[in-house]
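S.K.: I have a structure I would like to understand better, so I am pasting it below and will then ask my questions one at a time.
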Amino acid sequence: MLGSKVAAPPPPEIMLARERLFALLDAGAAGPVTVVAAPPGWGKTALLSAWAHERKPAWFTVESDDGVSGKSRGSDDGVSGDGGARFWSYLRAAVTSVTAHDELDIPAPPRQRDDTFLVRFAHALARLPRPVVVVLDDLHQVTDPAVLDGLDFLLRHAGERLRLVVGTRTEPALGLHRWRLGGGLTEIGAAELAFTPDEASALLARHGVHATPRQVDDLHFRTEGWPAGLRLAARGLRGHPDPDRFIGEFGGDHPSVSAYLSEEALNGQPAEARDLLMRTSIVERVSGELAEALTGRDDAASILADLEGTSAFVIRLSARPAAYRYHRMFADLLRAELRRHAPDQIVDLHRRAAAWHAAQGLPQDALRHALRGRDWGRATGLLAGHWPELVPFAPGRASGGSVPAPPPDAVRADPELALAYAAELLNLPDLSTADMYLRTAHQHRDRLPDDRKERFALVAAALRLAHAQLGGDRTQVLPAAQRLLELTRSPESDLRTRAVARTAVGVAELDAGDLLAAESTLVKGLADARRADLSRPRLTCASRLAAIRAVRGELRRAERTARSALTLSAYPGQPTADRCFAHLAMAVVALYRDRLDDAEAHLALAAPPRVPAPAPALVALVATTRARLLQSRGDLAASYAALAAARRELPPLPQVQGWLVAAEADLRTAHGDTGTARELLPDPAADDAMAVALARAHLRDGDPGAAARALPAWQRADSGCAAGVRVEAGLLDALAARRAGDRHRAARALELALDLAEPEGNRRAFVQAGADARALLAEHLEAGTAHWPLITELIAASDRGRPAIPEAPRATSDALTERELTVLRYLQSMLSNVEIAREMSLSVNTVKTHVRNIYRKLDATRRREAVRRGRELRLL
């Protein structure tokens with residue numbers, strides 16, 4: 001026997017301790033099965049060996065001759081065959097290496113068939129005084145089903161004394177569905193093994209590469225955190241004279257990467273799978289139907305499903321209908337292989353893709369493939385019929401690759417073809433080349449027949465507007481939008497053009513920081529886009545409206561609008577600015593409701609896309625939301641870093657920068673640096689959020705009078721003060737009044753703030769306000785309030801030091817009627833049945849009947865128990 005197979009191999013010479021994955025392995029090893037499954041290059045063995053050297057589990061590296069089919073060696077079971085016997089011998093040696101001799105008496109695996117061996121093995125394991133953790137690396141090498149059945153038997157009958165940690169390329173046949181259903185399975189896949197940007201930066205530093213944050217971000221984007229790709233890049237970057245050029249050229253077609261991916265991920269695939277992968281690599285998102293159109297195979301869907309199950313480089317985007325994308329580096333390799341093996345088919349493949357996308361009502365993708373397939377007639381036809389859908393208000397794709405230039409004669413002969421190229425280049429975005437095509441189209445517009453000139457003028461004006469929008473030239477956006485509106489003629493074109501223009505203007509107003517103006521314009525643009533049935537302007541308007549409403553504290557409307565926007569996107573997996581705004585809205589809603597984990601999940605999807613000039617509003621609002629989330633978690637340093645990074649990135653837009661200033665002032669107040677907070681807010685009257693931030697600083701300084709004077713006119717609904725700001729101002733007003741000794745005014749202000757907060761589910765201001773707010777709430781509860789259940793939740797949340805997240809209600813067997821719900825609400829007060837009857841204008845007997853029904857339906861015997869049960873069920 002080889003001792004090296006039952007000892008953890010040494011970690012790589014340059015190793016990064018990944019504590020988040022160690023924590024997953026620690027948690028998994030406390031249960032029966034942990035599976036680390038991913039293709040080669042995802043760092044399975046490196047992770048397991050590093051963890052094993054710290055935790056000292058048993059170890060067994062499975063090789064190709066361990067656990068091969070017994071039938072191939074003249075045996076019909078996985079115990080007595082040579083491979084089976086070898087597997088069990090090594091597993092026995094691994095287990096005994098970490099247990100005392102007197103703790104375990106495992107029989108040697110038999111050379112002859114012995115049905116009792118596994119029973120005796122399981123019995124010996126079950127007698128251990130403590131569980132034994134065994135790492136089985138490369139378990140995919142086991143091909144004998146009987147061996148896997150034996151492992152499954154041991155897991156089920158070892159009395160919970162066997163804990164398996166499995167490293168494998170494919171999911172092993174260990175009855176994982178049972179463990180998954182019972183909660184005993186921990187799964188670590190490619191998504192978890194992928195390096196985060198911070199881990200990528202640390203790995204580069206370990207290799208002696210001191211990369212800038214932008215370089216790390218670019219490299220992480222290209223590799224998608226693939227560990228082998230990052231290690232190959234780190235070796236290439238070490239000592240390279242031009243890191244930016246190296247990273248810009250580092251992709252799946254780089255020699256070191258292509259050699260690795262070809263050998264480990266592509267060459268082992270069947271010929272039909274390799275052919276399908278190459279042909280479908282020209283599209284960003286592939287479904288079974290599209291793959292059939294590109295390859296002519298009627299089994300394309302099943303091939304894709306098999307590939308997704310065995311390769312982390314084929315990533316499922318949606319389940320119904322099933323759609324996939326390829327890992328960026330893998331897609332680079334596939335396109336390079338297509339150019340090498342079938343260059344004459346590329347044009348035809350793009351034409352097929354253009355036809356398929358056009359038939360599916362996806363004009364942007366159809367145009368992209370029509371241009372790459374030199375199908376210029378289809379390209380100009382798409383532009384003519386769908387130009388409002390093709391005009392970008394924000395970059396539509398994080399990465400779309402270059403577009404080959406047409407012959408100069410083609411664009412001179414048809415200026416609309418030049419506009420089609422400009423539209424595609426604006427979507428990439430490549431603003432300088434798009435501007436060149438716009439100028440070319442303008443120079444040759446007289447060649448168009450008269451019946452096409454009006455449409456040409458509309459499309460050209462819309463693209464000029466988009467160019468100003470994407471280039472950040474805000475002095476030109478509004479004039480360009482006005483010129484577009486002036487070109488309207490027929491009622492049909494008027495509606496579509498107005499939707500495009502209003503959408504662009506609303507985007508510009510939001511990026512300038514004018515939330516009220518942007519909301520008004522986007523509401524009108526959304527209405528026009530709905531009437532004109534324009535999906536792209538609808539998505540743009542709806543996503544930004546959701547973000548505006550969330551920031552203003554209109555949480556229910558924001559959530560509805562954001563969910564609607566997320567359903568409008570044709571490609572859920574794409575990191576477009578529109579989807580980012582929708583996820584930002586969901587993050588802000590979750591933050592206001594103190595659901596921090598939900599906020600963090602949506603905020604990760606709201607990160608601005610990788611474009612030269614991301615939307616200023618998106619950058620600022622993501623930064624302020626991230627800063628407040630980090631502040632809620634107590635990480636003030638990281639919160640400040642997020643704000644500082646955004647301030648450096650943003651252009652000098654006073655209102656947008658003002659959002660960051662208000663957030664920084666609150667952060668400094670929380671840190672006790674109230675002097676700097678006040679210095680940051682020289683003119684708080686210009687902005688309600690700044691006024692609230694100043695009031696918070698004064699209150700922290702112990703000056704309730706100054707705090708009250710600084711607050712905006714929050715009590716009036718017509719004051720224009722945002723709903724979320726009104727809640728925060730009301731709480732601060734109540735706290736200031738309490739500090740000043742005016743408890744009557746404090747109670748009034750707090751009750752109004754609760755009136756505003758409860759319908760929206762707004763919890764954050766109260767939970768995060770500290771001990772003074774908790775005391776205020778407790779006093780208010782004793783004095784009497786219409787918000788007894790809410791205050792109880794908020795006090796409990798403050799005591800726990802975490803968000804107030806109600807548990808999901810348990811259904812009752814018999815729902816309460818509306819009248820019974822009203823009676824139940826009265827039951828939580830001190831009113832008697834007679835007083836309740838008087839309040840509700842009912843007879844006392846009727847109230848008693850309702851009370852009896854409530855007790856029966858809520859399985860209660862007295863008033864207090866019924867009220868408690870009603871709160872548990874979220875009826876109160």
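Within each chain, counting starts at residue 1; across the structure tokens, chains are named A, B, ... in the order shown, with ligands numbered 1 upward in that order.
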Using DSSP assignments from the backbone, pull out every residue in stretch 144-291 of chain A that falls under strand (DSSP E or B) and give it to me as JSON, numbers by chain.
M.R.: {"A": [162, 163, 164, 165, 166, 167, 168, 185, 186, 187, 188, 286, 287]}
S.K.: Find the residues around A:Arg825 up to 12 Å (only C-alpha atoms counted), leave out those fewer than 3 positions away in its own chain, and share them as a list in words.
M.R.: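 Within the cut-off, the hits are Ala786, His787, Trp788, Pro789, Leu816, Glu818, Arg819, Glu820, Leu821, Thr822, Gln828, Ser829, Met830, Leu831, Ile836, Met840, Val851, Ile854, Arg863, Arg864, Ala866, Val867, Arg868, Gly870, Arg871, Arg874, Leu875 and Leu876 of chain A.
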S.K.: Taking N, CA and C atoms for each residue, export the selection above as a short mmCIF file (atom, residue, chain, number, x, y, z; two decimals), in the first residue's frame.
M.R.:
```
data_model
loop_
_atom_site.label_atom_id
_atom_site.label_comp_id
_atom_site.auth_asym_id
_atom_site.auth_seq_id
_atom_site.Cartn_x
_atom_site.Cartn_y
_atom_site.Cartn_z
N ALA A 786 -51.58 53.01 18.93
CA ALA A 786 -52.25 52.18 17.93
C ALA A 786 -51.29 51.19 17.28
N HIS A 787 -50.01 51.25 17.68
CA HIS A 787 -48.98 50.42 17.03
C HIS A 787 -48.33 49.48 18.03
N TRP A 788 -49.14 48.92 18.90
CA TRP A 788 -48.61 48.04 19.94
C TRP A 788 -47.80 46.88 19.36
N PRO A 789 -48.32 46.14 18.38
CA PRO A 789 -47.52 45.01 17.85
C PRO A 789 -46.21 45.46 17.20
N LEU A 816 -60.17 33.92 9.99
CA LEU A 816 -61.06 34.87 10.65
C LEU A 816 -61.76 35.75 9.62
N GLU A 818 -63.54 39.42 8.49
CA GLU A 818 -63.11 40.81 8.69
C GLU A 818 -63.61 41.35 10.03
N ARG A 819 -64.88 41.05 10.39
CA ARG A 819 -65.41 41.53 11.67
C ARG A 819 -64.67 40.89 12.84
N GLU A 820 -64.35 39.59 12.71
CA GLU A 820 -63.61 38.93 13.79
C GLU A 820 -62.19 39.50 13.92
N LEU A 821 -61.57 39.85 12.78
CA LEU A 821 -60.25 40.50 12.85
C LEU A 821 -60.34 41.83 13.59
N THR A 822 -61.40 42.59 13.35
CA THR A 822 -61.57 43.87 14.04
C THR A 822 -61.72 43.65 15.54
N GLN A 828 -56.62 43.20 22.02
CA GLN A 828 -55.27 43.49 22.52
C GLN A 828 -55.24 44.74 23.39
N SER A 829 -56.36 45.50 23.41
CA SER A 829 -56.45 46.66 24.30
C SER A 829 -57.01 46.22 25.65
N MET A 830 -57.26 47.18 26.53
CA MET A 830 -57.82 46.88 27.85
C MET A 830 -59.33 47.00 27.87
N LEU A 831 -59.95 47.19 26.71
CA LEU A 831 -61.40 47.38 26.67
C LEU A 831 -62.12 46.09 27.02
N ILE A 836 -66.08 47.26 23.84
CA ILE A 836 -65.84 46.90 22.44
C ILE A 836 -67.14 47.00 21.66
N MET A 840 -67.89 49.43 18.44
CA MET A 840 -68.21 48.86 17.13
C MET A 840 -69.69 48.97 16.80
N VAL A 851 -66.02 36.69 19.84
CA VAL A 851 -64.89 36.31 20.69
C VAL A 851 -64.79 34.79 20.78
N ILE A 854 -63.33 33.50 17.62
CA ILE A 854 -61.89 33.79 17.57
C ILE A 854 -61.12 32.77 18.39
N ARG A 863 -58.26 35.65 26.41
CA ARG A 863 -57.95 36.81 25.58
C ARG A 863 -56.46 36.92 25.29
N ARG A 864 -55.63 36.86 26.31
CA ARG A 864 -54.19 37.04 26.11
C ARG A 864 -53.63 35.99 25.17
N ALA A 866 -55.28 34.43 22.78
CA ALA A 866 -55.76 34.72 21.43
C ALA A 866 -54.94 35.84 20.79
N VAL A 867 -54.61 36.87 21.59
CA VAL A 867 -53.81 37.97 21.06
C VAL A 867 -52.41 37.48 20.69
N ARG A 868 -51.81 36.67 21.57
CA ARG A 868 -50.48 36.14 21.26
C ARG A 868 -50.51 35.31 19.98
N GLY A 870 -52.63 35.55 17.54
CA GLY A 870 -52.84 36.46 16.41
C GLY A 870 -51.56 37.14 15.96
N ARG A 871 -50.70 37.48 16.91
CA ARG A 871 -49.41 38.10 16.54
C ARG A 871 -48.49 37.09 15.87
N ARG A 874 -49.31 36.85 12.35
CA ARG A 874 -49.23 38.12 11.62
C ARG A 874 -50.62 38.68 11.31
N LEU A 875 -51.61 38.34 12.14
CA LEU A 875 -52.94 38.93 11.99
C LEU A 875 -53.01 40.28 12.66
N LEU A 876 -52.13 40.55 13.58
CA LEU A 876 -52.09 41.82 14.30
C LEU A 876 -50.80 42.55 13.95
#
```
S.K.: I'd like the interatomic distance between atom CA of A:Asp597 and atom CA of A:Glu192, to a tenth of an Å.
M.R.: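 So the answer is 17.3 Å.
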S.K.: Mind listing the alpha helix (DSSP H) residues of stretch 461-534 of chain A, per DSSP on the backbone, as a CSV table (one decimal) with N, CA, C and O atoms, in the first residue's frame?
M.R.:
```csv
chain,number,residue,atom,x,y,z
A,461,ALA,N,-31.7,61.3,-35.0
A,461,ALA,CA,-31.9,62.2,-33.8
A,461,ALA,C,-31.9,61.4,-32.5
A,461,ALA,O,-31.3,61.8,-31.5
A,462,ALA,N,-32.6,60.2,-32.5
A,462,ALA,CA,-32.6,59.4,-31.4
A,462,ALA,C,-31.2,58.8,-31.0
A,462,ALA,O,-30.8,58.8,-29.8
A,463,LEU,N,-30.4,58.5,-32.0
A,463,LEU,CA,-29.1,57.9,-31.7
A,463,LEU,C,-28.2,59.0,-31.3
A,463,LEU,O,-27.3,58.8,-30.4
A,464,ARG,N,-28.3,60.3,-31.8
A,464,ARG,CA,-27.5,61.4,-31.3
A,464,ARG,C,-27.9,61.6,-29.8
A,464,ARG,O,-27.0,62.0,-29.0
A,465,LEU,N,-29.1,61.5,-29.5
A,465,LEU,CA,-29.5,61.7,-28.1
A,465,LEU,C,-28.9,60.6,-27.2
A,465,LEU,O,-28.4,60.9,-26.2
A,466,ALA,N,-28.9,59.4,-27.7
A,466,ALA,CA,-28.3,58.3,-26.9
A,466,ALA,C,-26.8,58.5,-26.8
A,466,ALA,O,-26.2,58.2,-25.8
A,467,HIS,N,-26.1,59.0,-27.9
A,467,HIS,CA,-24.7,59.3,-27.8
A,467,HIS,C,-24.4,60.3,-26.7
A,467,HIS,O,-23.4,60.1,-26.0
A,468,ALA,N,-25.2,61.4,-26.7
A,468,ALA,CA,-25.0,62.4,-25.6
A,468,ALA,C,-25.2,61.8,-24.2
A,468,ALA,O,-24.5,62.1,-23.3
A,469,GLN,N,-26.2,60.9,-24.2
A,469,GLN,CA,-26.5,60.3,-22.9
A,469,GLN,C,-25.4,59.4,-22.4
A,469,GLN,O,-25.0,59.5,-21.2
A,470,LEU,N,-24.9,58.5,-23.3
A,470,LEU,CA,-23.9,57.6,-22.9
A,470,LEU,C,-22.5,58.2,-22.7
A,470,LEU,O,-21.7,57.8,-21.9
A,474,ARG,N,-24.2,66.1,-20.6
A,474,ARG,CA,-25.5,66.4,-20.2
A,474,ARG,C,-26.0,67.8,-20.7
A,474,ARG,O,-27.1,68.1,-20.7
A,475,THR,N,-25.1,68.6,-21.2
A,475,THR,CA,-25.5,69.9,-21.8
A,475,THR,C,-26.2,69.6,-23.1
A,475,THR,O,-26.9,70.5,-23.6
A,476,GLN,N,-26.0,68.4,-23.7
A,476,GLN,CA,-26.6,68.2,-25.0
A,476,GLN,C,-27.8,67.2,-24.9
A,476,GLN,O,-28.5,67.1,-25.9
A,477,VAL,N,-28.0,66.6,-23.8
A,477,VAL,CA,-29.1,65.6,-23.7
A,477,VAL,C,-30.5,66.3,-23.9
A,477,VAL,O,-31.3,65.9,-24.7
A,478,LEU,N,-30.7,67.3,-23.1
A,478,LEU,CA,-32.1,67.9,-23.2
A,478,LEU,C,-32.3,68.6,-24.6
A,478,LEU,O,-33.4,68.4,-25.2
A,479,PRO,N,-31.3,69.3,-25.2
A,479,PRO,CA,-31.6,69.9,-26.5
A,479,PRO,C,-31.8,68.7,-27.5
A,479,PRO,O,-32.6,68.9,-28.4
A,480,ALA,N,-31.0,67.6,-27.4
A,480,ALA,CA,-31.2,66.5,-28.3
A,480,ALA,C,-32.6,65.9,-28.2
A,480,ALA,O,-33.2,65.5,-29.2
A,481,ALA,N,-33.1,65.8,-27.0
A,481,ALA,CA,-34.4,65.3,-26.8
A,481,ALA,C,-35.4,66.2,-27.4
A,481,ALA,O,-36.4,65.7,-28.0
A,482,GLN,N,-35.2,67.5,-27.2
A,482,GLN,CA,-36.2,68.4,-27.8
A,482,GLN,C,-36.2,68.4,-29.3
A,482,GLN,O,-37.3,68.4,-29.9
A,483,ARG,N,-35.0,68.2,-29.9
A,483,ARG,CA,-35.0,68.1,-31.4
A,483,ARG,C,-35.7,66.8,-31.8
A,483,ARG,O,-36.4,66.8,-32.9
A,484,LEU,N,-35.6,65.7,-31.1
A,484,LEU,CA,-36.3,64.5,-31.4
A,484,LEU,C,-37.8,64.7,-31.3
A,484,LEU,O,-38.5,64.2,-32.2
A,485,LEU,N,-38.3,65.4,-30.3
A,485,LEU,CA,-39.7,65.6,-30.2
A,485,LEU,C,-40.3,66.5,-31.3
A,485,LEU,O,-41.4,66.3,-31.8
A,486,GLU,N,-39.4,67.4,-31.8
A,486,GLU,CA,-39.9,68.3,-32.8
A,486,GLU,C,-40.0,67.6,-34.2
A,486,GLU,O,-40.7,68.1,-35.1
A,491,PRO,N,-49.4,60.3,-35.7
A,491,PRO,CA,-49.7,59.9,-34.3
A,491,PRO,C,-48.9,58.7,-33.9
A,491,PRO,O,-48.5,58.6,-32.7
A,492,GLU,N,-48.7,57.7,-34.8
A,492,GLU,CA,-48.0,56.5,-34.4
A,492,GLU,C,-46.5,56.8,-34.0
A,492,GLU,O,-46.0,56.5,-33.0
A,493,SER,N,-45.9,57.6,-34.9
A,493,SER,CA,-44.5,57.9,-34.7
A,493,SER,C,-44.4,58.8,-33.5
A,493,SER,O,-43.4,58.8,-32.7
A,494,ASP,N,-45.4,59.7,-33.3
A,494,ASP,CA,-45.3,60.6,-32.2
A,494,ASP,C,-45.3,59.9,-30.8
A,494,ASP,O,-44.5,60.2,-30.0
A,495,LEU,N,-46.1,58.8,-30.7
A,495,LEU,CA,-46.1,58.1,-29.4
A,495,LEU,C,-44.8,57.4,-29.2
A,495,LEU,O,-44.2,57.4,-28.1
A,496,ARG,N,-44.3,56.7,-30.2
A,496,ARG,CA,-43.0,56.0,-30.0
A,496,ARG,C,-41.9,56.9,-29.8
A,496,ARG,O,-41.0,56.7,-28.9
A,497,THR,N,-41.8,58.0,-30.5
A,497,THR,CA,-40.8,59.0,-30.4
A,497,THR,C,-40.8,59.6,-29.0
A,497,THR,O,-39.8,59.9,-28.3
A,498,ARG,N,-42.0,60.0,-28.6
A,498,ARG,CA,-42.2,60.6,-27.3
A,498,ARG,C,-41.7,59.7,-26.2
A,498,ARG,O,-41.1,60.1,-25.2
A,499,ALA,N,-42.0,58.4,-26.3
A,499,ALA,CA,-41.6,57.5,-25.3
A,499,ALA,C,-40.1,57.4,-25.2
A,499,ALA,O,-39.5,57.4,-24.1
A,500,VAL,N,-39.4,57.4,-26.4
A,500,VAL,CA,-37.9,57.4,-26.4
A,500,VAL,C,-37.4,58.7,-25.8
A,500,VAL,O,-36.5,58.6,-24.9
A,501,ALA,N,-37.9,59.8,-26.2
A,501,ALA,CA,-37.4,61.1,-25.7
A,501,ALA,C,-37.6,61.3,-24.2
A,501,ALA,O,-36.7,61.7,-23.5
A,502,ARG,N,-38.8,60.9,-23.8
A,502,ARG,CA,-39.1,61.1,-22.3
A,502,ARG,C,-38.2,60.1,-21.5
A,502,ARG,O,-37.8,60.5,-20.4
A,503,THR,N,-38.0,58.9,-22.0
A,503,THR,CA,-37.1,58.0,-21.3
A,503,THR,C,-35.7,58.6,-21.1
A,503,THR,O,-35.1,58.5,-20.1
A,504,ALA,N,-35.2,59.1,-22.2
A,504,ALA,CA,-33.8,59.6,-22.2
A,504,ALA,C,-33.8,60.8,-21.3
A,504,ALA,O,-32.8,61.0,-20.5
A,505,VAL,N,-34.8,61.7,-21.3
A,505,VAL,CA,-34.8,62.9,-20.4
A,505,VAL,C,-34.9,62.5,-19.0
A,505,VAL,O,-34.1,63.0,-18.1
A,506,GLY,N,-35.7,61.5,-18.7
A,506,GLY,CA,-35.8,61.0,-17.3
A,506,GLY,C,-34.5,60.4,-16.8
A,506,GLY,O,-34.1,60.6,-15.6
A,507,VAL,N,-33.8,59.7,-17.7
A,507,VAL,CA,-32.5,59.1,-17.3
A,507,VAL,C,-31.6,60.2,-17.0
A,507,VAL,O,-30.8,60.2,-16.0
A,508,ALA,N,-31.6,61.3,-17.8
A,508,ALA,CA,-30.6,62.4,-17.6
A,508,ALA,C,-30.9,63.1,-16.3
A,508,ALA,O,-30.0,63.5,-15.6
A,509,GLU,N,-32.2,63.3,-16.0
A,509,GLU,CA,-32.6,64.0,-14.8
A,509,GLU,C,-32.2,63.2,-13.6
A,509,GLU,O,-31.7,63.8,-12.6
A,510,LEU,N,-32.3,61.9,-13.6
A,510,LEU,CA,-31.9,61.1,-12.5
A,510,LEU,C,-30.4,61.1,-12.3
A,510,LEU,O,-29.9,61.2,-11.2
A,511,ASP,N,-29.7,61.0,-13.4
A,511,ASP,CA,-28.2,61.1,-13.3
A,511,ASP,C,-27.7,62.4,-12.8
A,511,ASP,O,-26.6,62.5,-12.3
A,515,LEU,N,-34.4,63.9,-8.3
A,515,LEU,CA,-35.3,62.7,-8.2
A,515,LEU,C,-36.8,63.1,-8.5
A,515,LEU,O,-37.5,62.3,-9.2
A,516,LEU,N,-37.2,64.3,-8.1
A,516,LEU,CA,-38.6,64.6,-8.3
A,516,LEU,C,-38.9,64.8,-9.8
A,516,LEU,O,-39.9,64.3,-10.4
A,517,ALA,N,-38.0,65.5,-10.5
A,517,ALA,CA,-38.2,65.8,-12.0
A,517,ALA,C,-38.1,64.4,-12.7
A,517,ALA,O,-38.9,64.2,-13.6
A,518,ALA,N,-37.1,63.6,-12.3
A,518,ALA,CA,-36.9,62.3,-13.0
A,518,ALA,C,-38.2,61.4,-12.8
A,518,ALA,O,-38.6,60.8,-13.8
A,519,GLU,N,-38.7,61.4,-11.6
A,519,GLU,CA,-39.9,60.6,-11.4
A,519,GLU,C,-41.0,61.0,-12.2
A,519,GLU,O,-41.7,60.2,-12.9
A,520,SER,N,-41.3,62.3,-12.3
A,520,SER,CA,-42.4,62.8,-13.1
A,520,SER,C,-42.2,62.5,-14.6
A,520,SER,O,-43.1,62.0,-15.3
A,521,THR,N,-41.0,62.6,-15.1
A,521,THR,CA,-40.7,62.4,-16.6
A,521,THR,C,-40.8,60.9,-16.8
A,521,THR,O,-41.4,60.4,-17.8
A,522,LEU,N,-40.2,60.1,-15.9
A,522,LEU,CA,-40.2,58.6,-16.2
A,522,LEU,C,-41.6,58.0,-16.1
A,522,LEU,O,-41.9,57.0,-16.8
A,523,VAL,N,-42.5,58.5,-15.2
A,523,VAL,CA,-43.9,58.1,-15.2
A,523,VAL,C,-44.5,58.3,-16.5
A,523,VAL,O,-45.2,57.4,-17.0
A,524,LYS,N,-44.3,59.4,-17.1
A,524,LYS,CA,-44.9,59.7,-18.4
A,524,LYS,C,-44.3,58.9,-19.5
A,524,LYS,O,-45.0,58.3,-20.4
A,525,GLY,N,-43.0,58.7,-19.4
A,525,GLY,CA,-42.3,57.9,-20.4
A,525,GLY,C,-42.8,56.4,-20.3
A,525,GLY,O,-42.9,55.7,-21.4
A,526,LEU,N,-43.0,55.9,-19.1
A,526,LEU,CA,-43.4,54.5,-18.9
A,526,LEU,C,-44.8,54.4,-19.5
A,526,LEU,O,-45.1,53.4,-20.2
A,527,ALA,N,-45.7,55.4,-19.3
A,527,ALA,CA,-47.0,55.3,-19.9
A,527,ALA,C,-47.0,55.2,-21.4
A,527,ALA,O,-47.7,54.4,-22.0
A,528,ASP,N,-46.2,56.1,-22.0
A,528,ASP,CA,-46.0,56.1,-23.4
A,528,ASP,C,-45.5,54.8,-24.0
A,528,ASP,O,-45.9,54.3,-25.0
A,529,ALA,N,-44.4,54.3,-23.3
A,529,ALA,CA,-43.8,53.0,-23.7
A,529,ALA,C,-44.8,51.9,-23.6
A,529,ALA,O,-44.8,51.0,-24.5
A,530,ARG,N,-45.6,51.8,-22.6
A,530,ARG,CA,-46.6,50.8,-22.5
A,530,ARG,C,-47.6,50.9,-23.6
A,530,ARG,O,-48.0,49.8,-24.2
A,531,ARG,N,-48.1,52.1,-23.9
A,531,ARG,CA,-49.1,52.2,-25.0
A,531,ARG,C,-48.5,51.9,-26.3
A,531,ARG,O,-49.2,51.3,-27.2
A,532,ALA,N,-47.2,52.2,-26.5
A,532,ALA,CA,-46.5,51.9,-27.8
A,532,ALA,C,-46.0,50.5,-27.8
A,532,ALA,O,-45.4,50.0,-28.8
```
S.K.: Report, in Å with one decimal, the straight-line distance from atom CA of A:Cys580 to atom CA of A:Ala607.
M.R.: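 Calculated distance between atom CA of A:Cys580 and atom CA of A:Ala607 is 6.4 Å.
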S.K.: Quick one: everything within 9 Å of A:Leu756, counting only C-alpha atoms, minus sequence neighbours fewer than 4 positions away in the same chain. Send it as a tab-separated table (two decimals) with C-alpha atoms, in the first residue's frame.
M.R.:
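This is the output file part_2.tsv:
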```tsv
chain	number	residue	atom	x	y	z
A	723	ALA	CA	-41.58	59.27	2.96
A	724	GLY	CA	-38.40	57.68	4.26
A	726	ARG	CA	-40.25	61.86	7.10
A	727	VAL	CA	-39.96	58.71	9.20
A	751	GLU	CA	-47.00	58.16	16.82
A	752	LEU	CA	-47.01	60.04	13.51
A	760	GLU	CA	-44.42	50.50	4.25
A	762	ASN	CA	-40.10	50.63	7.42
```
S.K.: Leaving out A:Leu148 and any residue of its chain fewer than 3 positions from it, which residues lie within 8 Å of it when counting only C-alpha atoms, given as a PDB file with N, CA, C and O atoms, in the first residue's frame?
M.R.:
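Below is the file that was written, selection_38.pdb:
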```
ATOM      1  N   VAL A 142     -13.938   6.396  -9.100  1.00  0.00           N
ATOM      2  CA  VAL A 142     -14.630   5.135  -8.802  1.00  0.00           C
ATOM      3  C   VAL A 142     -15.698   4.907  -9.870  1.00  0.00           C
ATOM      4  O   VAL A 142     -16.604   5.719 -10.041  1.00  0.00           O
ATOM      5  N   ASP A 144     -17.146   1.590 -10.210  1.00  0.00           N
ATOM      6  CA  ASP A 144     -17.932   0.425  -9.838  1.00  0.00           C
ATOM      7  C   ASP A 144     -19.123   0.870  -8.990  1.00  0.00           C
ATOM      8  O   ASP A 144     -18.943   1.368  -7.873  1.00  0.00           O
ATOM      9  N   PRO A 145     -20.353   0.707  -9.459  1.00  0.00           N
ATOM     10  CA  PRO A 145     -21.523   1.121  -8.672  1.00  0.00           C
ATOM     11  C   PRO A 145     -21.581   0.439  -7.320  1.00  0.00           C
ATOM     12  O   PRO A 145     -22.082   1.010  -6.352  1.00  0.00           O
ATOM     13  N   LEU A 151     -20.315   2.580   0.028  1.00  0.00           N
ATOM     14  CA  LEU A 151     -20.107   3.832   0.758  1.00  0.00           C
ATOM     15  C   LEU A 151     -21.423   4.363   1.314  1.00  0.00           C
ATOM     16  O   LEU A 151     -21.508   4.832   2.460  1.00  0.00           O
ATOM     17  N   ASP A 152     -22.450   4.309   0.469  1.00  0.00           N
ATOM     18  CA  ASP A 152     -23.767   4.765   0.904  1.00  0.00           C
ATOM     19  C   ASP A 152     -24.243   3.921   2.091  1.00  0.00           C
ATOM     20  O   ASP A 152     -24.805   4.451   3.066  1.00  0.00           O
ATOM     21  N   PRO A 172     -21.350  12.321  -7.084  1.00  0.00           N
ATOM     22  CA  PRO A 172     -21.265  10.865  -6.896  1.00  0.00           C
ATOM     23  C   PRO A 172     -22.633  10.253  -6.597  1.00  0.00           C
ATOM     24  O   PRO A 172     -23.524  10.911  -6.064  1.00  0.00           O
ATOM     25  N   ALA A 173     -22.770   8.971  -6.933  1.00  0.00           N
ATOM     26  CA  ALA A 173     -24.033   8.251  -6.703  1.00  0.00           C
ATOM     27  C   ALA A 173     -24.048   7.723  -5.276  1.00  0.00           C
ATOM     28  O   ALA A 173     -23.862   6.525  -5.020  1.00  0.00           O
ATOM     29  N   LEU A 174     -24.260   8.624  -4.321  1.00  0.00           N
ATOM     30  CA  LEU A 174     -24.264   8.259  -2.906  1.00  0.00           C
ATOM     31  C   LEU A 174     -25.634   8.492  -2.276  1.00  0.00           C
ATOM     32  O   LEU A 174     -25.720   8.742  -1.069  1.00  0.00           O
TER      33      LEU A 174
END
```
